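**Q** Enclosed is the structure file upload_28.pdb (PDB, C-alpha atoms, pLDDT in the B column).
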```
ATOM      1  CA  MET A 118       7.506  22.411 -19.143  1.00 45.00           C
ATOM      2  CA  ASP A 119      10.856  20.689 -18.812  1.00 47.00           C
ATOM      3  CA  LYS A 120      11.057  17.833 -21.331  1.00 58.00           C
ATOM      4  CA  ASN A 121      13.867  16.155 -19.372  1.00 75.00           C
ATOM      5  CA  ILE A 122      11.547  14.852 -16.645  1.00 84.00           C
ATOM      6  CA  SER A 123      11.293  11.074 -16.871  1.00 88.00           C
ATOM      7  CA  PRO A 124       7.951   9.332 -16.433  1.00 87.00           C
ATOM      8  CA  ALA A 125       9.179   7.676 -13.237  1.00 87.00           C
ATOM      9  CA  LYS A 126      10.375  10.977 -11.772  1.00 89.00           C
ATOM     10  CA  SER A 127       7.085  12.669 -12.642  1.00 89.00           C
ATOM     11  CA  GLY A 128       5.198  10.124 -10.522  1.00 91.00           C
ATOM     12  CA  ILE A 129       7.162  10.683  -7.333  1.00 94.00           C
ATOM     13  CA  LEU A 130       4.878  13.442  -6.015  1.00 94.00           C
ATOM     14  CA  TYR A 131       1.806  11.249  -6.469  1.00 97.00           C
ATOM     15  CA  GLY A 132       3.597   8.370  -4.771  1.00 96.00           C
ATOM     16  CA  VAL A 133       4.484  10.573  -1.809  1.00 97.00           C
ATOM     17  CA  LEU A 134       0.875  11.741  -1.517  1.00 97.00           C
ATOM     18  CA  PHE A 135      -0.382   8.157  -1.702  1.00 97.00           C
ATOM     19  CA  GLY A 136       2.133   7.017   0.931  1.00 96.00           C
ATOM     20  CA  VAL A 137       1.234   9.878   3.279  1.00 97.00           C
ATOM     21  CA  ILE A 138      -2.472   9.035   2.960  1.00 96.00           C
ATOM     22  CA  MET A 139      -1.765   5.399   3.886  1.00 94.00           C
ATOM     23  CA  VAL A 140       0.282   6.521   6.906  1.00 95.00           C
ATOM     24  CA  LEU A 141      -2.500   8.880   8.018  1.00 94.00           C
ATOM     25  CA  GLU A 142      -5.075   6.086   7.649  1.00 89.00           C
ATOM     26  CA  PHE A 143      -2.931   3.827   9.816  1.00 88.00           C
ATOM     27  CA  VAL A 144      -2.489   6.496  12.486  1.00 90.00           C
ATOM     28  CA  ILE A 145      -6.230   7.212  12.546  1.00 87.00           C
ATOM     29  CA  MET A 146      -6.999   3.493  12.812  1.00 84.00           C
ATOM     30  CA  TYR A 147      -4.484   3.151  15.630  1.00 84.00           C
ATOM     31  CA  VAL A 148      -5.949   6.110  17.521  1.00 84.00           C
ATOM     32  CA  ILE A 149      -9.535   4.876  17.027  1.00 81.00           C
ATOM     33  CA  GLY A 150      -8.533   1.413  18.120  1.00 75.00           C
ATOM     34  CA  MET A 151      -7.534  -1.464  15.887  1.00 65.00           C
ATOM     35  CA  LYS A 152      -9.764  -3.879  17.785  1.00 60.00           C
ATOM     36  CA  SER A 153     -12.910  -2.104  16.610  1.00 56.00           C
ATOM     37  CA  LEU A 154     -11.764  -2.211  12.972  1.00 61.00           C
ATOM     38  CA  MET A 155     -10.661  -5.837  12.783  1.00 62.00           C
ATOM     39  CA  ASN A 156     -13.118  -8.022  10.876  1.00 61.00           C
ATOM     40  CA  SER A 157     -15.438  -5.061  10.336  1.00 69.00           C
ATOM     41  CA  SER A 158     -16.738  -3.244   7.302  1.00 76.00           C
ATOM     42  CA  ALA A 159     -14.582  -0.215   8.194  1.00 74.00           C
ATOM     43  CA  GLY A 160     -11.459  -2.374   8.092  1.00 74.00           C
ATOM     44  CA  MET A 161     -12.534  -3.827   4.763  1.00 81.00           C
ATOM     45  CA  ILE A 162     -13.143  -0.352   3.345  1.00 84.00           C
ATOM     46  CA  VAL A 163      -9.629   0.743   4.370  1.00 81.00           C
ATOM     47  CA  ASN A 164      -8.130  -2.334   2.695  1.00 82.00           C
ATOM     48  CA  ILE A 165     -10.124  -1.789  -0.501  1.00 89.00           C
ATOM     49  CA  ALA A 166      -9.027   1.845  -0.510  1.00 88.00           C
ATOM     50  CA  ASN A 167      -5.344   1.010   0.020  1.00 89.00           C
ATOM     51  CA  TYR A 168      -5.102  -1.873  -2.439  1.00 91.00           C
ATOM     52  CA  LEU A 169      -7.576  -0.903  -5.149  1.00 93.00           C
ATOM     53  CA  VAL A 170      -9.065   2.591  -5.126  1.00 95.00           C
ATOM     54  CA  LEU A 171      -6.126   4.788  -4.092  1.00 95.00           C
ATOM     55  CA  PRO A 172      -3.524   3.104  -6.322  1.00 96.00           C
ATOM     56  CA  ILE A 173      -5.814   3.381  -9.350  1.00 96.00           C
ATOM     57  CA  ILE A 174      -6.624   7.033  -8.617  1.00 96.00           C
ATOM     58  CA  PHE A 175      -2.994   8.049  -8.065  1.00 97.00           C
ATOM     59  CA  ILE A 176      -1.697   6.094 -11.058  1.00 97.00           C
ATOM     60  CA  TYR A 177      -4.353   7.671 -13.254  1.00 96.00           C
ATOM     61  CA  LEU A 178      -3.571  11.160 -11.922  1.00 96.00           C
ATOM     62  CA  GLY A 179       0.175  10.599 -12.339  1.00 96.00           C
ATOM     63  CA  CYS A 180      -0.164   9.322 -15.912  1.00 95.00           C
ATOM     64  CA  ASN A 181      -2.523  12.160 -16.823  1.00 94.00           C
ATOM     65  CA  HIS A 182      -0.130  14.705 -15.299  1.00 94.00           C
ATOM     66  CA  TYR A 183       2.759  13.325 -17.334  1.00 93.00           C
ATOM     67  CA  LYS A 184       0.645  13.202 -20.478  1.00 92.00           C
ATOM     68  CA  LYS A 185      -0.896  16.681 -20.252  1.00 92.00           C
ATOM     69  CA  ASP A 186       1.607  18.784 -18.322  1.00 91.00           C
ATOM     70  CA  ILE A 187       4.975  17.304 -19.265  1.00 91.00           C
ATOM     71  CA  ASN A 188       4.706  15.505 -22.585  1.00 89.00           C
ATOM     72  CA  ASN A 189       2.386  17.734 -24.681  1.00 89.00           C
ATOM     73  CA  GLY A 190      -0.612  15.377 -24.579  1.00 90.00           C
ATOM     74  CA  PHE A 191       1.290  12.187 -25.363  1.00 91.00           C
ATOM     75  CA  ILE A 192       2.105   9.170 -23.228  1.00 92.00           C
ATOM     76  CA  SER A 193       3.245   5.769 -24.415  1.00 92.00           C
ATOM     77  CA  PHE A 194       2.307   2.492 -22.809  1.00 92.00           C
ATOM     78  CA  SER A 195       5.814   2.082 -21.366  1.00 93.00           C
ATOM     79  CA  GLU A 196       5.761   5.627 -19.955  1.00 93.00           C
ATOM     80  CA  SER A 197       2.467   4.796 -18.238  1.00 94.00           C
ATOM     81  CA  LEU A 198       4.030   1.686 -16.730  1.00 95.00           C
ATOM     82  CA  LYS A 199       7.051   3.607 -15.474  1.00 94.00           C
ATOM     83  CA  THR A 200       4.877   6.337 -13.980  1.00 96.00           C
ATOM     84  CA  GLY A 201       2.458   3.943 -12.286  1.00 96.00           C
ATOM     85  CA  VAL A 202       5.049   1.616 -10.831  1.00 96.00           C
ATOM     86  CA  SER A 203       7.123   4.542  -9.531  1.00 96.00           C
ATOM     87  CA  ILE A 204       4.018   5.900  -7.780  1.00 97.00           C
ATOM     88  CA  THR A 205       3.249   2.632  -5.999  1.00 97.00           C
ATOM     89  CA  VAL A 206       6.888   1.904  -5.140  1.00 96.00           C
ATOM     90  CA  MET A 207       7.277   5.375  -3.593  1.00 97.00           C
ATOM     91  CA  ALA A 208       4.038   4.965  -1.614  1.00 97.00           C
ATOM     92  CA  ALA A 209       5.101   1.503  -0.435  1.00 96.00           C
ATOM     93  CA  LEU A 210       8.533   2.787   0.567  1.00 97.00           C
ATOM     94  CA  ILE A 211       7.013   5.571   2.668  1.00 97.00           C
ATOM     95  CA  TYR A 212       4.512   3.220   4.284  1.00 95.00           C
ATOM     96  CA  ALA A 213       7.103   0.501   4.945  1.00 94.00           C
ATOM     97  CA  ILE A 214       9.552   2.973   6.524  1.00 95.00           C
ATOM     98  CA  PHE A 215       6.750   4.347   8.683  1.00 95.00           C
ATOM     99  CA  ASN A 216       5.770   0.817   9.709  1.00 90.00           C
ATOM    100  CA  LEU A 217       9.354   0.010  10.678  1.00 91.00           C
ATOM    101  CA  ILE A 218       9.706   3.196  12.750  1.00 93.00           C
ATOM    102  CA  PHE A 219       6.265   2.726  14.318  1.00 91.00           C
ATOM    103  CA  ASN A 220       7.123  -0.806  15.450  1.00 87.00           C
ATOM    104  CA  LEU A 221      10.413   0.386  16.920  1.00 89.00           C
ATOM    105  CA  ILE A 222       8.654   3.178  18.852  1.00 92.00           C
ATOM    106  CA  PHE A 223       5.669   1.025  19.897  1.00 88.00           C
ATOM    107  CA  PRO A 224       6.997  -2.539  20.229  1.00 85.00           C
ATOM    108  CA  GLU A 225       3.829  -3.562  22.107  1.00 87.00           C
ATOM    109  CA  PHE A 226       1.804  -3.041  18.906  1.00 83.00           C
ATOM    110  CA  ILE A 227       2.682  -6.481  17.510  1.00 83.00           C
ATOM    111  CA  ASN A 228       1.551  -8.161  20.728  1.00 85.00           C
ATOM    112  CA  GLU A 229      -1.706  -6.154  20.677  1.00 84.00           C
ATOM    113  CA  MET A 230      -2.362  -7.282  17.109  1.00 82.00           C
ATOM    114  CA  LEU A 231      -1.538 -10.889  17.997  1.00 84.00           C
ATOM    115  CA  GLU A 232      -4.062 -10.742  20.843  1.00 85.00           C
ATOM    116  CA  ILE A 233      -6.705  -9.333  18.482  1.00 80.00           C
ATOM    117  CA  THR A 234      -5.890 -12.096  15.996  1.00 80.00           C
ATOM    118  CA  ARG A 235      -6.090 -14.739  18.733  1.00 84.00           C
ATOM    119  CA  ASP A 236      -9.515 -13.489  19.815  1.00 82.00           C
ATOM    120  CA  GLY A 237     -10.688 -13.479  16.200  1.00 79.00           C
ATOM    121  CA  MET A 238      -9.464 -17.028  15.604  1.00 82.00           C
ATOM    122  CA  ILE A 239     -11.232 -18.276  18.724  1.00 84.00           C
ATOM    123  CA  ALA A 240     -14.436 -16.406  17.825  1.00 81.00           C
ATOM    124  CA  LYS A 241     -14.474 -17.972  14.336  1.00 82.00           C
ATOM    125  CA  ASN A 242     -13.678 -21.467  15.560  1.00 84.00           C
ATOM    126  CA  PRO A 243     -14.325 -22.008  19.298  1.00 84.00           C
ATOM    127  CA  GLN A 244     -13.166 -25.645  19.037  1.00 88.00           C
ATOM    128  CA  VAL A 245      -9.687 -24.720  17.764  1.00 85.00           C
ATOM    129  CA  SER A 246      -7.004 -26.674  19.591  1.00 86.00           C
ATOM    130  CA  ALA A 247      -4.228 -24.945  21.489  1.00 85.00           C
ATOM    131  CA  LYS A 248      -1.681 -26.432  19.080  1.00 89.00           C
ATOM    132  CA  GLU A 249      -3.537 -25.121  15.997  1.00 86.00           C
ATOM    133  CA  LEU A 250      -3.982 -21.732  17.651  1.00 86.00           C
ATOM    134  CA  GLU A 251      -0.289 -21.416  18.469  1.00 88.00           C
ATOM    135  CA  MET A 252       0.715 -22.603  15.001  1.00 89.00           C
ATOM    136  CA  GLY A 253      -1.569 -20.018  13.382  1.00 85.00           C
ATOM    137  CA  LEU A 254      -0.370 -17.240  15.666  1.00 86.00           C
ATOM    138  CA  GLY A 255       3.246 -18.248  14.988  1.00 86.00           C
ATOM    139  CA  MET A 256       2.704 -17.733  11.256  1.00 86.00           C
ATOM    140  CA  VAL A 257       0.973 -14.396  11.849  1.00 84.00           C
ATOM    141  CA  LYS A 258       3.832 -13.274  14.122  1.00 85.00           C
ATOM    142  CA  LYS A 259       6.410 -14.122  11.443  1.00 84.00           C
ATOM    143  CA  PHE A 260       4.582 -11.980   8.919  1.00 82.00           C
ATOM    144  CA  MET A 261       4.186  -9.099  11.389  1.00 83.00           C
ATOM    145  CA  ASN A 262       7.955  -8.812  11.776  1.00 83.00           C
ATOM    146  CA  PRO A 263       8.826  -5.337  10.429  1.00 79.00           C
ATOM    147  CA  PHE A 264      11.819  -6.764   8.571  1.00 82.00           C
ATOM    148  CA  ILE A 265       9.490  -9.134   6.704  1.00 89.00           C
ATOM    149  CA  VAL A 266       6.765  -6.490   6.261  1.00 87.00           C
ATOM    150  CA  PHE A 267       9.208  -4.017   4.661  1.00 90.00           C
ATOM    151  CA  PRO A 268      10.189  -6.064   1.576  1.00 93.00           C
ATOM    152  CA  ALA A 269       6.756  -7.698   1.342  1.00 92.00           C
ATOM    153  CA  THR A 270       5.092  -4.269   1.206  1.00 92.00           C
ATOM    154  CA  LEU A 271       7.449  -3.113  -1.550  1.00 94.00           C
ATOM    155  CA  VAL A 272       6.918  -6.257  -3.615  1.00 95.00           C
ATOM    156  CA  MET A 273       3.152  -6.295  -3.133  1.00 94.00           C
ATOM    157  CA  TYR A 274       2.592  -2.643  -4.061  1.00 95.00           C
ATOM    158  CA  SER A 275       5.013  -2.935  -6.992  1.00 94.00           C
ATOM    159  CA  PHE A 276       2.997  -5.878  -8.296  1.00 96.00           C
ATOM    160  CA  PHE A 277      -0.319  -4.056  -7.872  1.00 95.00           C
ATOM    161  CA  GLY A 278       1.216  -0.961  -9.442  1.00 95.00           C
ATOM    162  CA  LEU A 279       2.296  -2.988 -12.456  1.00 95.00           C
ATOM    163  CA  ILE A 280      -1.152  -4.544 -12.916  1.00 96.00           C
ATOM    164  CA  TYR A 281      -3.020  -1.252 -12.486  1.00 97.00           C
ATOM    165  CA  SER A 282      -0.511   0.564 -14.707  1.00 96.00           C
ATOM    166  CA  LEU A 283      -1.106  -1.976 -17.468  1.00 95.00           C
ATOM    167  CA  ILE A 284      -4.837  -1.269 -17.327  1.00 96.00           C
ATOM    168  CA  ILE A 285      -4.536   2.504 -16.996  1.00 96.00           C
ATOM    169  CA  GLY A 286      -1.764   2.636 -19.611  1.00 94.00           C
ATOM    170  CA  ALA A 287      -4.079   0.955 -22.103  1.00 94.00           C
ATOM    171  CA  ILE A 288      -6.731   3.595 -21.372  1.00 94.00           C
ATOM    172  CA  VAL A 289      -4.676   6.825 -21.318  1.00 93.00           C
ATOM    173  CA  LYS A 290      -2.075   5.865 -23.921  1.00 91.00           C
ATOM    174  CA  ASN A 291      -1.636   8.402 -26.688  1.00 87.00           C
ATOM    175  CA  ASP A 292       1.492   7.736 -28.756  1.00 84.00           C
ATOM    176  CA  LYS A 293       3.174  10.512 -30.709  1.00 80.00           C
ATOM    177  CA  PRO A 294       2.284  10.328 -34.401  1.00 74.00           C
TER     178      PRO A 294
END
```
Would it be possible to restate this file's structure as structure tokens?

**A**
Amino acid sequence: MDKNISPAKSGILYGVLFGVIMVLEFVIMYVIGMKSLMNSSAGMIVNIANYLVLPIIFIYLGCNHYKKDINNGFISFSESLKTGVSITVMAALIYAIFNLIFNLIFPEFINEMLEITRDGMIAKNPQVSAKELEMGLGMVKKFMNPFIVFPATLVMYSFFGLIYSLIIGAIVKNDKP
């Protein structure tokens, strides 16, 4: 194979696949109905998949691909970090761009989610005051702004990618003699 492929560049395909899977999950959840998934085991499973299982799987696959198919069975710790972080950054970029476009096409989505959040807050604490409810919903609304979600998604997935890459890099590392 071509020895000029950098570890970061080799992870782009896995990042694209990861990002597309997250977009498809979101679309399926939207079609099924977000209300039925909020505060449910299905919603928790999707979150665990997106923040734990899928990043670990794709980082592992990306590092193994670089090690076996590009670098003749060798991968350093730093190459693992570069590969893993590039995978999660690419996935986050795809998901964040989709989220931005989705919110521009369906501006009512934020209000739907705020209503679901309001109902959930009232169900958890029926004695919540109107002032506390509005304050809580105000904070949620700020963090649902697509222009806040975009950089937050990139930072969050980059951080998780770094942590998972440290762990996976320690496992798959095989330095050249």

**Q** Mind listing whatever residues come within 9 Å of the point (3.8, 3.8, -6.5)? Use only C-alpha atoms, file coordinates, and give them as a ChimeraX atom specification.

**A** /A:128-129,131-133,135-136,172,175-176,200-210,274-275,277-278

**Q** Do you know which residues the PyMOL selection byres ((chain A and resi 184-189) around 12) returns on this file, as a PyMOL selection string?

**A** chain A and resi 118-124+126-128+177-183+190-194+196-197+200+286+289-293

**Q** Nearest to Val144 (chain A) among A:Ile280, A:Leu130, A:Phe260, A:Tyr212, with distances taken over only C-alpha atoms: which residue is it?

**A**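 The closest residue to Val144 (chain A) is A:Tyr212.
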
**Q** With the cut-off set at 10 Å and counting all atoms listed in the file, tabulate each residue of region 246-270 of chain A with an atom at most that distance from an atom of region 230-242 of chain A, showing the nearest atom pair and its distance in Å to one decimal, ordered by chain and increasing number, as JSON lines.

**A**
```
{"residue": "A:Ser246", "atom": "CA", "partner": "A:Asn242", "partner_atom": "CA", "distance": 9.4}
{"residue": "A:Leu250", "atom": "CA", "partner": "A:Arg235", "partner_atom": "CA", "distance": 7.4}
{"residue": "A:Glu251", "atom": "CA", "partner": "A:Arg235", "partner_atom": "CA", "distance": 8.8}
{"residue": "A:Gly253", "atom": "CA", "partner": "A:Met238", "partner_atom": "CA", "distance": 8.7}
{"residue": "A:Leu254", "atom": "CA", "partner": "A:Leu231", "partner_atom": "CA", "distance": 6.9}
{"residue": "A:Gly255", "atom": "CA", "partner": "A:Leu231", "partner_atom": "CA", "distance": 9.3}
{"residue": "A:Val257", "atom": "CA", "partner": "A:Leu231", "partner_atom": "CA", "distance": 7.5}
{"residue": "A:Lys258", "atom": "CA", "partner": "A:Leu231", "partner_atom": "CA", "distance": 7.0}
{"residue": "A:Met261", "atom": "CA", "partner": "A:Met230", "partner_atom": "CA", "distance": 8.9}
```

**Q** Mind telling me what the PyMOL selection byres ((chain A and resi 262) around 12) catches here, as an MDAnalysis selection string?

**A** chainID A and resid 213 216:217 219:221 224 226:228 230:231 255:261 263:270

**Q** Can you work out the spacing between CA of Ile211 (chain A) and CA of Phe223 (chain A) in Å, to one decimal?

**A**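 Between CA of Ile211 (chain A) and CA of Phe223 (chain A) the gap works out to 17.9 Å.
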
**Q** Between CA of Val137 (chain A) and CA of Ile214 (chain A), what is the spacing in Å?

**A**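 Computing it gives 11.3 Å between the two atoms.
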
**Q** In Å, with one decimal, what is the gap from CA of Leu134 (chain A) to CA of Ser195 (chain A)?

**A**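 So the two atoms, CA of Leu134 (chain A) and CA of Ser195 (chain A), lie 22.6 Å apart.
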